[in-house]
file entry.cif (mmCIF, C-alpha atoms)
data_model
#
loop_
_atom_site.label_atom_id
_atom_site.label_comp_id
_atom_site.auth_asym_id
_atom_site.auth_seq_id
_atom_site.Cartn_x
_atom_site.Cartn_y
_atom_site.Cartn_z
CA MET A 1 -20.03 -15.88 -5.69
CA LYS A 2 -16.39 -15.66 -4.59
CA GLU A 3 -15.79 -14.35 -1.08
CA THR A 4 -13.45 -11.36 -1.03
CA GLU A 5 -11.81 -9.24 1.61
CA THR A 6 -10.73 -5.61 1.59
CA ALA A 7 -7.56 -4.06 2.99
CA VAL A 8 -6.44 -0.42 3.09
CA VAL A 9 -2.73 0.41 3.34
CA GLY A 10 -0.47 3.37 2.75
CA GLY A 11 3.25 3.17 2.10
CA GLY A 12 4.45 6.17 0.18
CA CYS A 13 3.18 7.11 -3.25
CA PHE A 14 0.03 5.16 -4.03
CA TRP A 15 1.24 4.55 -7.58
CA CYS A 16 4.04 2.36 -6.20
CA VAL A 17 1.92 0.36 -3.78
CA GLU A 18 -0.87 -0.10 -6.32
CA ALA A 19 1.45 -1.43 -9.03
CA ALA A 20 3.33 -3.73 -6.65
CA LEU A 21 0.20 -5.32 -5.18
CA LEU A 22 -1.78 -5.53 -8.41
CA GLN A 23 0.61 -8.13 -9.86
CA VAL A 24 0.15 -10.61 -6.98
CA GLU A 25 -2.07 -13.67 -7.40
CA GLY A 26 -5.20 -13.30 -5.30
CA VAL A 27 -5.36 -9.50 -5.61
CA LEU A 28 -8.50 -8.74 -7.57
CA LYS A 29 -8.64 -4.94 -7.58
CA VAL A 30 -6.57 -2.03 -6.29
CA GLU A 31 -7.85 1.54 -6.05
CA SER A 32 -5.74 4.57 -5.19
CA GLY A 33 -7.21 7.06 -2.76
CA TYR A 34 -6.90 9.00 0.46
CA MET A 35 -7.73 8.20 4.09
CA GLY A 36 -7.10 9.41 7.60
CA GLY A 37 -7.55 13.12 7.16
CA ASN A 38 -9.94 15.89 8.02
CA VAL A 39 -11.06 17.08 4.57
CA ASP A 40 -14.03 15.56 2.76
CA HIS A 41 -13.51 14.73 -0.92
CA PRO A 42 -9.83 15.73 -0.89
CA THR A 43 -7.98 16.35 -4.12
CA TYR A 44 -4.45 15.24 -4.90
CA LYS A 45 -3.37 18.89 -4.85
CA GLN A 46 -4.80 19.33 -1.34
CA VAL A 47 -3.27 16.11 0.00
CA CYS A 48 0.15 17.06 -1.41
CA THR A 49 0.20 20.17 0.79
CA GLY A 50 0.42 17.92 3.85
CA THR A 51 -2.25 19.98 5.62
CA THR A 52 -5.23 17.60 5.22
CA ALA A 53 -3.79 14.79 7.42
CA HIS A 54 -4.77 12.36 4.65
CA VAL A 55 -2.46 9.55 3.58
CA GLU A 56 -2.07 8.29 0.02
CA VAL A 57 -3.51 4.78 0.32
CA VAL A 58 -4.68 1.87 -1.75
CA ARG A 59 -7.85 -0.09 -1.16
CA VAL A 60 -7.19 -3.69 -2.10
CA GLU A 61 -9.85 -6.28 -2.84
CA PHE A 62 -8.42 -9.78 -2.60
CA ASP A 63 -9.41 -13.44 -2.49
CA PRO A 64 -8.55 -14.74 1.00
CA SER A 65 -8.56 -18.32 -0.28
CA LEU A 66 -5.53 -17.43 -2.45
CA LEU A 67 -3.87 -14.71 -0.34
CA SER A 68 -4.36 -14.16 3.37
CA PHE A 69 -4.42 -10.70 4.92
CA GLY A 70 -1.09 -11.49 6.61
CA GLU A 71 0.48 -12.52 3.30
CA LEU A 72 -0.84 -9.36 1.67
CA LEU A 73 0.83 -7.32 4.42
CA GLU A 74 4.13 -9.11 3.86
CA VAL A 75 3.99 -8.12 0.17
CA PHE A 76 3.06 -4.57 1.21
CA PHE A 77 6.13 -4.40 3.46
CA THR A 78 8.30 -5.62 0.58
CA ALA A 79 6.95 -2.83 -1.64
CA HIS A 80 8.04 0.03 0.65
CA ASP A 81 10.36 0.89 3.52
CA PRO A 82 8.36 0.59 6.77
CA THR A 83 11.25 2.04 8.81
CA THR A 84 11.17 5.62 7.52
CA LEU A 85 8.75 8.03 9.17
CA ASN A 86 6.69 10.17 6.77
CA ARG A 87 8.93 9.42 3.82
CA GLN A 88 9.54 7.02 0.95
CA GLY A 89 12.61 7.97 -1.06
CA ASN A 90 12.20 11.53 -2.32
CA ASP A 91 8.52 11.61 -1.31
CA VAL A 92 8.44 13.38 2.06
CA GLY A 93 5.47 14.31 4.23
CA THR A 94 2.80 12.79 6.43
CA GLN A 95 0.81 11.86 3.32
CA TYR A 96 3.51 9.25 2.58
CA ARG A 97 3.58 7.59 6.00
CA SER A 98 3.46 3.83 6.41
CA VAL A 99 0.06 2.79 7.78
CA ILE A 100 -2.37 -0.10 7.88
CA PHE A 101 -5.99 1.02 8.25
CA PHE A 102 -7.79 -1.98 9.74
CA LEU A 103 -11.42 -2.68 8.88
CA ASN A 104 -12.08 -5.06 11.78
CA GLU A 105 -10.43 -6.40 14.92
CA ARG A 106 -9.13 -9.50 13.14
CA GLN A 107 -7.18 -7.29 10.73
CA ARG A 108 -5.84 -5.20 13.63
CA THR A 109 -4.65 -8.33 15.44
CA GLU A 110 -3.13 -9.81 12.28
CA ALA A 111 -1.33 -6.54 11.46
CA GLU A 112 0.13 -6.44 14.98
CA ARG A 113 1.23 -10.08 14.63
CA VAL A 114 2.94 -9.54 11.26
CA ILE A 115 4.77 -6.43 12.47
CA ALA A 116 5.87 -8.19 15.68
CA GLU A 117 7.13 -11.18 13.67
CA LEU A 118 9.07 -9.04 11.19
CA THR A 119 10.47 -6.94 14.04
CA ALA A 120 11.59 -10.05 15.94
CA LYS A 121 13.39 -11.29 12.83
CA ASN A 122 14.95 -7.82 12.31
CA ILE A 123 14.02 -8.10 8.63
CA PHE A 124 14.54 -4.40 7.92
CA GLY A 125 17.54 -3.74 10.16
CA ALA A 126 15.75 -0.81 11.83
CA PRO A 127 12.57 -0.36 13.87
CA MET A 128 9.33 -0.43 11.89
CA VAL A 129 7.27 2.77 12.16
CA THR A 130 4.13 1.52 10.43
CA ALA A 131 1.02 2.75 12.21
CA ILE A 132 -2.04 0.56 12.71
CA GLU A 133 -5.21 2.66 12.78
CA PRO A 134 -8.95 2.15 12.40
CA ALA A 135 -10.18 2.75 8.86
CA GLN A 136 -11.98 5.97 8.09
CA THR A 137 -13.76 7.10 4.95
CA PHE A 138 -11.92 6.08 1.78
CA TRP A 139 -11.85 8.89 -0.75
CA GLU A 140 -11.06 7.60 -4.23
CA ALA A 141 -8.26 9.48 -5.98
CA GLU A 142 -8.81 11.19 -9.29
CA ASP A 143 -9.20 8.92 -12.33
CA TYR A 144 -5.74 9.65 -13.70
CA HIS A 145 -4.17 8.09 -10.58
CA GLN A 146 -5.86 4.72 -11.13
CA ASN A 147 -3.60 2.10 -12.73
CA TYR A 148 -1.03 4.84 -13.07
CA PHE A 149 2.00 2.62 -13.62
CA ALA A 150 0.21 0.47 -16.22
CA ASN A 151 -0.79 3.61 -18.10
CA ASN A 152 2.46 5.58 -17.65
CA SER A 153 5.27 3.04 -17.26
CA ASN A 154 7.75 5.15 -19.25
CA GLN A 155 7.15 8.30 -17.22
CA PRO A 156 10.37 9.25 -15.34
CA TYR A 157 8.91 8.82 -11.83
CA CYS A 158 7.61 5.39 -12.81
CA LEU A 159 11.00 4.34 -14.15
CA TYR A 160 12.84 5.71 -11.09
CA ALA A 161 10.47 4.87 -8.22
CA VAL A 162 7.66 2.52 -9.21
CA ALA A 163 9.43 0.02 -11.48
CA PRO A 164 12.06 -0.99 -8.89
CA LYS A 165 9.36 -1.72 -6.30
CA VAL A 166 7.37 -3.75 -8.80
CA ALA A 167 10.54 -5.68 -9.70
CA LYS A 168 11.39 -6.28 -6.02
CA VAL A 169 7.96 -7.79 -5.33
CA ARG A 170 8.10 -9.80 -8.57
CA ALA A 171 11.49 -11.26 -7.60
CA LYS A 172 10.59 -12.09 -4.00
CA TYR A 173 7.17 -13.55 -4.82
CA ALA A 174 7.96 -15.04 -8.25
CA GLY A 175 5.70 -18.05 -7.67
CA ARG A 176 2.78 -15.83 -6.66
CA ILE A 177 2.78 -13.36 -9.57
CA LYS A 178 -0.23 -13.38 -11.91
CA LYS A 179 0.50 -14.92 -15.28
CA SER A 180 -0.90 -11.79 -16.95
CA ALA A 181 1.37 -9.45 -14.96
#

call {"tool": "encode", "arguments": {"input": "entry.cif", "output": "structure tokens"}}
result
Amino acid sequence: MKETETAVVGGGCFWCVEAALLQVEGVLKVESGYMGGNVDHPTYKQVCTGTTAHVEVVRVEFDPSLLSFGELLEVFFTAHDPTTLNRQGNDVGTQYRSVIFFLNERQRTEAERVIAELTAKNIFGAPMVTAIEPAQTFWEAEDYHQNYFANNSNQPYCLYAVAPKVAKVRAKYAGRIKKSA
């Protein structure tokens, strides 16, 4: 049986992050959901109010022999702007904040290392605001949010917001994109 690892990250709309990460070799499964808030079994409608403290996140299952946690985070940072607080493009609110929810101390340490390295290189030209927090309960988003881009690629939001992020990851990591993507 193949050993896998799980990561939970939030970087704006989960449709964007899900679609960007799903195309990368070594990523086995991506689920959209919510984490970090104070409401059990939150709905999309509740989270969109900004009153639940939940973040739109993706839970990523990946093969660490093909893609390390640090490499996954680098792709994640390519797929969103980690320098804007509580916002990604037109999506504004705490539910869109940039965050890494670590599942163990090794992930926390690796997340701190990657952020420090990217900051030292001034990759984004502005300070990174990505939070690093302990994981809480993952609440899976409603079914219609899963594989949203694959199922709705011609929807206006997908054309305007998701497709460019997918293309950016595809271009930067061309040699690491799944053949089926």

call {"tool": "residues_around", "arguments": {"input": "entry.cif", "residues": "range 13-18 of chain A", "least_positions_apart": "3", "cutoff": "7 Å", "atoms": "all atoms listed in the file", "output": "list in words"}}
result
Leu21, Leu22, Val30, Ser32, Glu56, Val57, Val58, Ala79, Tyr96, Tyr148, Phe149, Val162 and Lys165 of chain A

call {"tool": "closest_atom_pairs", "arguments": {"input": "entry.cif", "of": "range 2-47 of chain A", "to": "range 71-76 of chain A", "cutoff": "9 Å", "atoms": "all atoms listed in the file", "output": "tab-separated table"}}
result
residue	atom	partner	partner_atom	distance
A:Ala7	CA	A:Leu72	CA	8.7
A:Val9	CA	A:Phe76	CA	7.9
A:Gly10	CA	A:Phe76	CA	8.8
A:Gly11	CA	A:Phe76	CA	7.8
A:Val17	CA	A:Phe76	CA	7.1
A:Ala20	CA	A:Phe76	CA	7.9
A:Leu21	CA	A:Phe76	CA	7.0
A:Val24	CA	A:Val75	CA	8.5
A:Val27	CA	A:Leu72	CA	8.6

call {"tool": "resolve_selection", "arguments": {"input": "entry.cif", "expression": "the PyMOL selection byres ((chain A and resi 132) around 8)", "output": "PyMOL selection string"}}
result
chain A and resi 99-102+108+111-112+130-131+133-134

call {"tool": "closest_residue", "arguments": {"input": "entry.cif", "among": "A:Pro82, A:Gly89, A:Gly33, A:Gly50", "to": "Gly125 in chain A", "atoms": "all atoms listed in the file"}}
result
A:Pro82

call {"tool": "closest_residue", "arguments": {"input": "entry.cif", "among": "A:Leu85, A:Ala19, A:Cys48, A:Val55", "to": "Ala135 in chain A", "atoms": "only C-alpha atoms"}}
result
A:Val55

call {"tool": "closest_residue", "arguments": {"input": "entry.cif", "among": "A:Ile115, A:Ala126, A:Ala161, A:Val166", "to": "Asn90 in chain A", "atoms": "all atoms listed in the file"}}
result
A:Ala161

call {"tool": "closest_residue", "arguments": {"input": "entry.cif", "among": "A:Gly70, A:Gln46, A:Ser153, A:Lys172", "to": "Arg106 in chain A", "atoms": "only C-alpha atoms"}}
result
A:Gly70

call {"tool": "residues_around", "arguments": {"input": "entry.cif", "residues": "Glu142 in chain A", "least_positions_apart": "4", "cutoff": "8 Å", "atoms": "only C-alpha atoms", "output": "count of residues only"}}
result
4

call {"tool": "closest_residue", "arguments": {"input": "entry.cif", "among": "A:Val47, A:Val114, A:Leu103, A:Val129", "to": "Asn86 in chain A", "atoms": "all atoms listed in the file"}}
result
A:Val129

call {"tool": "resolve_selection", "arguments": {"input": "entry.cif", "expression": "the PyMOL selection byres ((chain A and resi 138) around 9)", "output": "ChimeraX atom specification"}}
result
/A:8,33-36,57,59,135-137,139-140

call {"tool": "write_last_selection", "arguments": {"input": "entry.cif", "atoms": "C-alpha atoms", "output": "compact mmCIF listing (two decimals), in the coordinates of the input"}}
result
# COMPACT_ATOMS: atom_id res chain seq x y z
CA VAL A 8 -6.44 -0.42 3.09
CA GLY A 33 -7.21 7.06 -2.76
CA TYR A 34 -6.90 9.00 0.46
CA MET A 35 -7.73 8.20 4.09
CA GLY A 36 -7.10 9.41 7.60
CA VAL A 57 -3.51 4.78 0.32
CA ARG A 59 -7.85 -0.09 -1.16
CA ALA A 135 -10.18 2.75 8.86
CA GLN A 136 -11.98 5.97 8.09
CA THR A 137 -13.76 7.10 4.95
CA TRP A 139 -11.85 8.89 -0.75
CA GLU A 140 -11.06 7.60 -4.23

call {"tool": "atom_distance", "arguments": {"input": "entry.cif", "atom1": "CA of Cys158 in chain A", "atom2": "CA of His145 in chain A"}}
result
12.3 Å

call {"tool": "resolve_selection", "arguments": {"input": "entry.cif", "expression": "the PyMOL selection byres ((chain A and resi 25) around 12)", "output": "MDAnalysis selection string"}}
result
chainID A and resid 20:24 26:29 61:68 71:72 75 169:170 173:181

call {"tool": "atom_distance", "arguments": {"input": "entry.cif", "atom1": "CA of Glu110 in chain A", "atom2": "CA of Gln95 in chain A"}}
result
23.8 Å

call {"tool": "atom_distance", "arguments": {"input": "entry.cif", "atom1": "CA of Thr52 in chain A", "atom2": "CA of Gly37 in chain A"}}
result
5.4 Å

call {"tool": "closest_residue", "arguments": {"input": "entry.cif", "among": "A:Thr94, A:Thr109, A:Thr119, A:Asn151", "to": "Gly12 in chain A", "atoms": "all atoms listed in the file"}}
result
A:Thr94
